[in-house]
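> Encoded as structure tokens, here's the structure I'll be asking about.
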Amino acid sequence: MTDEYYMKIALEEAEKAAAEGEVPIGAVVVRRGEIIAKAYNKREAAKDATGHAELLAIREACRNAGGWRLTDTTLYVTIEPCPMCAGAILQSRIDRVVIGAMDPKAGACGSVINLLQHERFNHRAEIVTGVMQEECAGIMKTFFTALRKKGLAK
């Protein structure tokens with residue numbers, strides 16, 4: 001399977017988020033070609049600041065893998081992870097992160113800062129960017145344009 005294949009699944013997760021009024025971000029964790037977790041943002045529904053797609057996918061992957069070390073895995077995420085999610089990626093020992101679109105305002109994988117490859121941390125993750133970038137950025141743009149029209153964007 002290709003990075004595009006798994007990113008399409010992450011985009012399907014992002015679409016679920018959008019349908020529920022959540023910021024449309026989706027994440028998928030893959031180990032040796034098998035999806036071990038997938039999730040989408042649920043901050044609003046859960047009323048939980050940690051309800052990010054990446055964290056939810058990492059939690060599910062840990063449960064499904066039977067431990068917190070997610071070595072030999074790739075995380076596919078539609079939008080560049082924030083510092084909180086980047087920290088969870090490092091702590092869970094994910095080896096590779098494939099990002100659809102970068103987040104120049106809050107991204108912690110190269111936009112604002114690059115926590116995943118910081119030389120002072122004991123783990124580093126490979127980063128691949130721009131996979132299905134237009135589609136990943138587009139779902140965000142569509143979502144926030146609709147919110148602004150409704151006067152709900154913050």
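Each chain in the structure tokens gets a letter, A, B, ..., in the order shown, and its residues are numbered from 1; ligands are numbered from 1 in order too.
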DSSP on the backbone: which residues in segment 5-111 of chain A end up as helix (DSSP H, G or I)? Give the answer as a ChimeraX atom specification.
/A:5-19,43-46,53-65,83-92
> Under the rule of at most 10 Å, produce a per-residue listing of segment 28-92 of chain A near segment 122-134 of chain A: chain, number, name, the closest pair of atoms, and the distance in Å, as JSON lines, using only C-alpha atoms.

{"residue": "A:Thr74", "atom": "CA", "partner": "A:Glu126", "partner_atom": "CA", "distance": 9.1}
{"residue": "A:Leu75", "atom": "CA", "partner": "A:Ile127", "partner_atom": "CA", "distance": 9.7}
{"residue": "A:Tyr76", "atom": "CA", "partner": "A:Val131", "partner_atom": "CA", "distance": 9.3}
{"residue": "A:Val77", "atom": "CA", "partner": "A:Val131", "partner_atom": "CA", "distance": 9.6}
{"residue": "A:Thr78", "atom": "CA", "partner": "A:Gln133", "partner_atom": "CA", "distance": 8.1}
{"residue": "A:Ile79", "atom": "CA", "partner": "A:Gln133", "partner_atom": "CA", "distance": 8.8}
{"residue": "A:Glu80", "atom": "CA", "partner": "A:Thr129", "partner_atom": "CA", "distance": 8.5}
{"residue": "A:Ala86", "atom": "CA", "partner": "A:Ala125", "partner_atom": "CA", "distance": 9.7}
{"residue": "A:Ile89", "atom": "CA", "partner": "A:Ala125", "partner_atom": "CA", "distance": 8.1}
{"residue": "A:Leu90", "atom": "CA", "partner": "A:His123", "partner_atom": "CA", "distance": 6.1}
{"residue": "A:Gln91", "atom": "CA", "partner": "A:His123", "partner_atom": "CA", "distance": 8.0}
{"residue": "A:Ser92", "atom": "CA", "partner": "A:His123", "partner_atom": "CA", "distance": 9.5}
> Could the residues in this selection be saved with N, CA and C atoms as a PDB file, in the first residue's frame?

ATOM      1  N   THR A  74       3.711   3.820  11.360  1.00  0.00           N
ATOM      2  CA  THR A  74       3.604   5.103  10.669  1.00  0.00           C
ATOM      3  C   THR A  74       2.279   5.722  11.056  1.00  0.00           C
ATOM      4  N   LEU A  75       2.310   7.002  11.385  1.00  0.00           N
ATOM      5  CA  LEU A  75       1.102   7.779  11.647  1.00  0.00           C
ATOM      6  C   LEU A  75       0.827   8.632  10.419  1.00  0.00           C
ATOM      7  N   TYR A  76      -0.367   8.493   9.879  1.00  0.00           N
ATOM      8  CA  TYR A  76      -0.824   9.338   8.776  1.00  0.00           C
ATOM      9  C   TYR A  76      -1.785  10.343   9.370  1.00  0.00           C
ATOM     10  N   VAL A  77      -1.549  11.621   9.109  1.00  0.00           N
ATOM     11  CA  VAL A  77      -2.416  12.658   9.665  1.00  0.00           C
ATOM     12  C   VAL A  77      -2.629  13.736   8.608  1.00  0.00           C
ATOM     13  N   THR A  78      -3.860  14.201   8.514  1.00  0.00           N
ATOM     14  CA  THR A  78      -4.216  15.128   7.435  1.00  0.00           C
ATOM     15  C   THR A  78      -3.593  16.506   7.611  1.00  0.00           C
ATOM     16  N   ILE A  79      -3.387  16.937   8.855  1.00  0.00           N
ATOM     17  CA  ILE A  79      -2.810  18.253   9.146  1.00  0.00           C
ATOM     18  C   ILE A  79      -1.659  18.072  10.136  1.00  0.00           C
ATOM     19  N   GLU A  80      -0.632  18.846   9.969  1.00  0.00           N
ATOM     20  CA  GLU A  80       0.555  18.785  10.821  1.00  0.00           C
ATOM     21  C   GLU A  80       0.185  18.800  12.308  1.00  0.00           C
ATOM     22  N   ALA A  86       2.680  16.108  18.894  1.00  0.00           N
ATOM     23  CA  ALA A  86       4.073  15.766  18.597  1.00  0.00           C
ATOM     24  C   ALA A  86       4.726  15.107  19.809  1.00  0.00           C
ATOM     25  N   ILE A  89       3.558  11.578  19.950  1.00  0.00           N
ATOM     26  CA  ILE A  89       4.232  10.803  18.899  1.00  0.00           C
ATOM     27  C   ILE A  89       5.609  10.371  19.390  1.00  0.00           C
ATOM     28  N   LEU A  90       6.347  11.290  19.980  1.00  0.00           N
ATOM     29  CA  LEU A  90       7.672  10.957  20.508  1.00  0.00           C
ATOM     30  C   LEU A  90       7.576   9.951  21.641  1.00  0.00           C
ATOM     31  N   GLN A  91       6.665  10.175  22.566  1.00  0.00           N
ATOM     32  CA  GLN A  91       6.535   9.291  23.718  1.00  0.00           C
ATOM     33  C   GLN A  91       6.111   7.879  23.335  1.00  0.00           C
ATOM     34  N   SER A  92       5.340   7.752  22.265  1.00  0.00           N
ATOM     35  CA  SER A  92       4.873   6.429  21.846  1.00  0.00           C
ATOM     36  C   SER A  92       5.853   5.745  20.889  1.00  0.00           C
TER      37      SER A  92
END
> Write out as a list in words which residues come within 9 Å of Lys16 of chain A when counting only C-alpha atoms, dropping same-chain ones fewer than 6 positions away.
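After dropping sequence-adjacent residues, the list is Glu22, Pro24, Ile25, Gly26, Tyr40 and Asn41 of chain A.
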> Which polymer residues have any atom within 12 Å of an atom of Gly33 of chain A, counting only C-alpha atoms, with same-chain residues fewer than 3 positions away left out, as a PyMOL selection string?
chain A and resi 1-3+5-6+28-30+36-37+72-75
> Given the selection you just returned, output its residues as a file containing N, CA, C and O atoms, formatted as a PDB file, in the first residue's frame.

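Resulting contents of selection_4.pdb:
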ATOM      1  N   MET A   1       0.841  -1.190   0.000  1.00  0.00           N
ATOM      2  CA  MET A   1       0.000   0.000   0.000  1.00  0.00           C
ATOM      3  C   MET A   1       0.886   1.254   0.000  1.00  0.00           C
ATOM      4  O   MET A   1       1.981   1.240   0.524  1.00  0.00           O
ATOM      5  N   THR A   2       0.344   2.326  -0.524  1.00  0.00           N
ATOM      6  CA  THR A   2       1.103   3.569  -0.648  1.00  0.00           C
ATOM      7  C   THR A   2       0.703   4.558   0.441  1.00  0.00           C
ATOM      8  O   THR A   2      -0.334   4.401   1.097  1.00  0.00           O
ATOM      9  N   ASP A   3       1.527   5.596   0.583  1.00  0.00           N
ATOM     10  CA  ASP A   3       1.174   6.663   1.527  1.00  0.00           C
ATOM     11  C   ASP A   3      -0.159   7.290   1.149  1.00  0.00           C
ATOM     12  O   ASP A   3      -0.958   7.636   2.028  1.00  0.00           O
ATOM     13  N   TYR A   5      -2.722   5.847  -0.216  1.00  0.00           N
ATOM     14  CA  TYR A   5      -3.794   4.933   0.192  1.00  0.00           C
ATOM     15  C   TYR A   5      -4.209   5.197   1.646  1.00  0.00           C
ATOM     16  O   TYR A   5      -5.393   5.349   1.955  1.00  0.00           O
ATOM     17  N   TYR A   6      -3.216   5.247   2.535  1.00  0.00           N
ATOM     18  CA  TYR A   6      -3.521   5.460   3.956  1.00  0.00           C
ATOM     19  C   TYR A   6      -3.972   6.888   4.233  1.00  0.00           C
ATOM     20  O   TYR A   6      -4.810   7.114   5.112  1.00  0.00           O
ATOM     21  N   VAL A  28      -4.437   7.967  11.113  1.00  0.00           N
ATOM     22  CA  VAL A  28      -4.410   6.516  10.959  1.00  0.00           C
ATOM     23  C   VAL A  28      -3.034   6.031  11.393  1.00  0.00           C
ATOM     24  O   VAL A  28      -2.022   6.619  11.009  1.00  0.00           O
ATOM     25  N   VAL A  29      -2.998   4.955  12.180  1.00  0.00           N
ATOM     26  CA  VAL A  29      -1.732   4.341  12.587  1.00  0.00           C
ATOM     27  C   VAL A  29      -1.620   2.988  11.882  1.00  0.00           C
ATOM     28  O   VAL A  29      -2.543   2.178  11.954  1.00  0.00           O
ATOM     29  N   VAL A  30      -0.479   2.778  11.223  1.00  0.00           N
ATOM     30  CA  VAL A  30      -0.251   1.564  10.438  1.00  0.00           C
ATOM     31  C   VAL A  30       1.012   0.872  10.930  1.00  0.00           C
ATOM     32  O   VAL A  30       2.038   1.522  11.138  1.00  0.00           O
ATOM     33  N   ILE A  36      -3.849  -0.293  12.540  1.00  0.00           N
ATOM     34  CA  ILE A  36      -4.108  -0.708  13.918  1.00  0.00           C
ATOM     35  C   ILE A  36      -4.943   0.317  14.671  1.00  0.00           C
ATOM     36  O   ILE A  36      -5.397   0.041  15.784  1.00  0.00           O
ATOM     37  N   ALA A  37      -5.163   1.488  14.063  1.00  0.00           N
ATOM     38  CA  ALA A  37      -6.021   2.494  14.690  1.00  0.00           C
ATOM     39  C   ALA A  37      -6.343   3.585  13.687  1.00  0.00           C
ATOM     40  O   ALA A  37      -5.546   3.873  12.796  1.00  0.00           O
ATOM     41  N   ASP A  72       7.939   0.628  14.813  1.00  0.00           N
ATOM     42  CA  ASP A  72       7.616   0.032  13.514  1.00  0.00           C
ATOM     43  C   ASP A  72       6.218   0.460  13.034  1.00  0.00           C
ATOM     44  O   ASP A  72       5.497  -0.324  12.433  1.00  0.00           O
ATOM     45  N   THR A  73       5.855   1.698  13.347  1.00  0.00           N
ATOM     46  CA  THR A  73       4.560   2.217  12.898  1.00  0.00           C
ATOM     47  C   THR A  73       4.733   3.529  12.144  1.00  0.00           C
ATOM     48  O   THR A  73       5.734   4.230  12.308  1.00  0.00           O
ATOM     49  N   THR A  74       3.711   3.820  11.360  1.00  0.00           N
ATOM     50  CA  THR A  74       3.604   5.103  10.669  1.00  0.00           C
ATOM     51  C   THR A  74       2.279   5.722  11.056  1.00  0.00           C
ATOM     52  O   THR A  74       1.247   5.045  11.063  1.00  0.00           O
ATOM     53  N   LEU A  75       2.310   7.002  11.385  1.00  0.00           N
ATOM     54  CA  LEU A  75       1.102   7.779  11.647  1.00  0.00           C
ATOM     55  C   LEU A  75       0.827   8.632  10.419  1.00  0.00           C
ATOM     56  O   LEU A  75       1.703   9.390   9.982  1.00  0.00           O
TER      57      LEU A  75
END
> Looking at only C-alpha atoms, which of A:Leu56, A:Ala18, A:Ala101, A:Cys62 is the one that sits closest to Cys136 of chain A?
A:Ala101
> Using only C-alpha atoms, find the one residue out of A:Arg93, A:Gly100, A:Cys85, A:Ala17 that sits nearest to Gly67 of chain A.
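Smallest separation from Gly67 of chain A among the options: A:Arg93.
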> Once DSSP has gone over the backbone, tell me which residues of segment 101-137 of chain A are in strand (DSSP E or B), as a count of residues only.
7
> Taking into account only C-alpha atoms, which residue in the set A:Ser111, A:Thr50, A:Thr145, A:Asn64 is nearest to Ala88 of chain A?
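Closest residue, counting only C-alpha atoms: A:Thr50.
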> Could you jot down the atom CA of Pro81 of chain A to atom CA of Cys109 of chain A separation for me, Å, one decimal place?
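Computing it gives 6.6 Å between the two atoms.
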> Just the number, please: distance in Å from atom CA of Glu135 of chain A to atom CA of Thr71 of chain A, one decimal.
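The value is 28.3 Å.
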> So, counting only C-alpha atoms, which residue among A:Gly87, A:Gly66, A:Gly51, A:Gly21 is closest to Phe121 of chain A?
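So, comparing all the options, the nearest one is A:Gly87.
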> Looking at A:Ala57, A:Ala19, A:Leu70, A:Ala45, which one is nearest to Arg31 of chain A, with distances taken over only C-alpha atoms?
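That would be A:Leu70, the residue with the smallest distance to Arg31 of chain A.
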> For a quick check of understanding, using only C-alpha atoms, which of A:Glu12, A:Glu20, A:Glu34, A:Glu60 has the smallest distance to Ala46 of chain A?
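That would be A:Glu20, the residue with the smallest distance to Ala46 of chain A.
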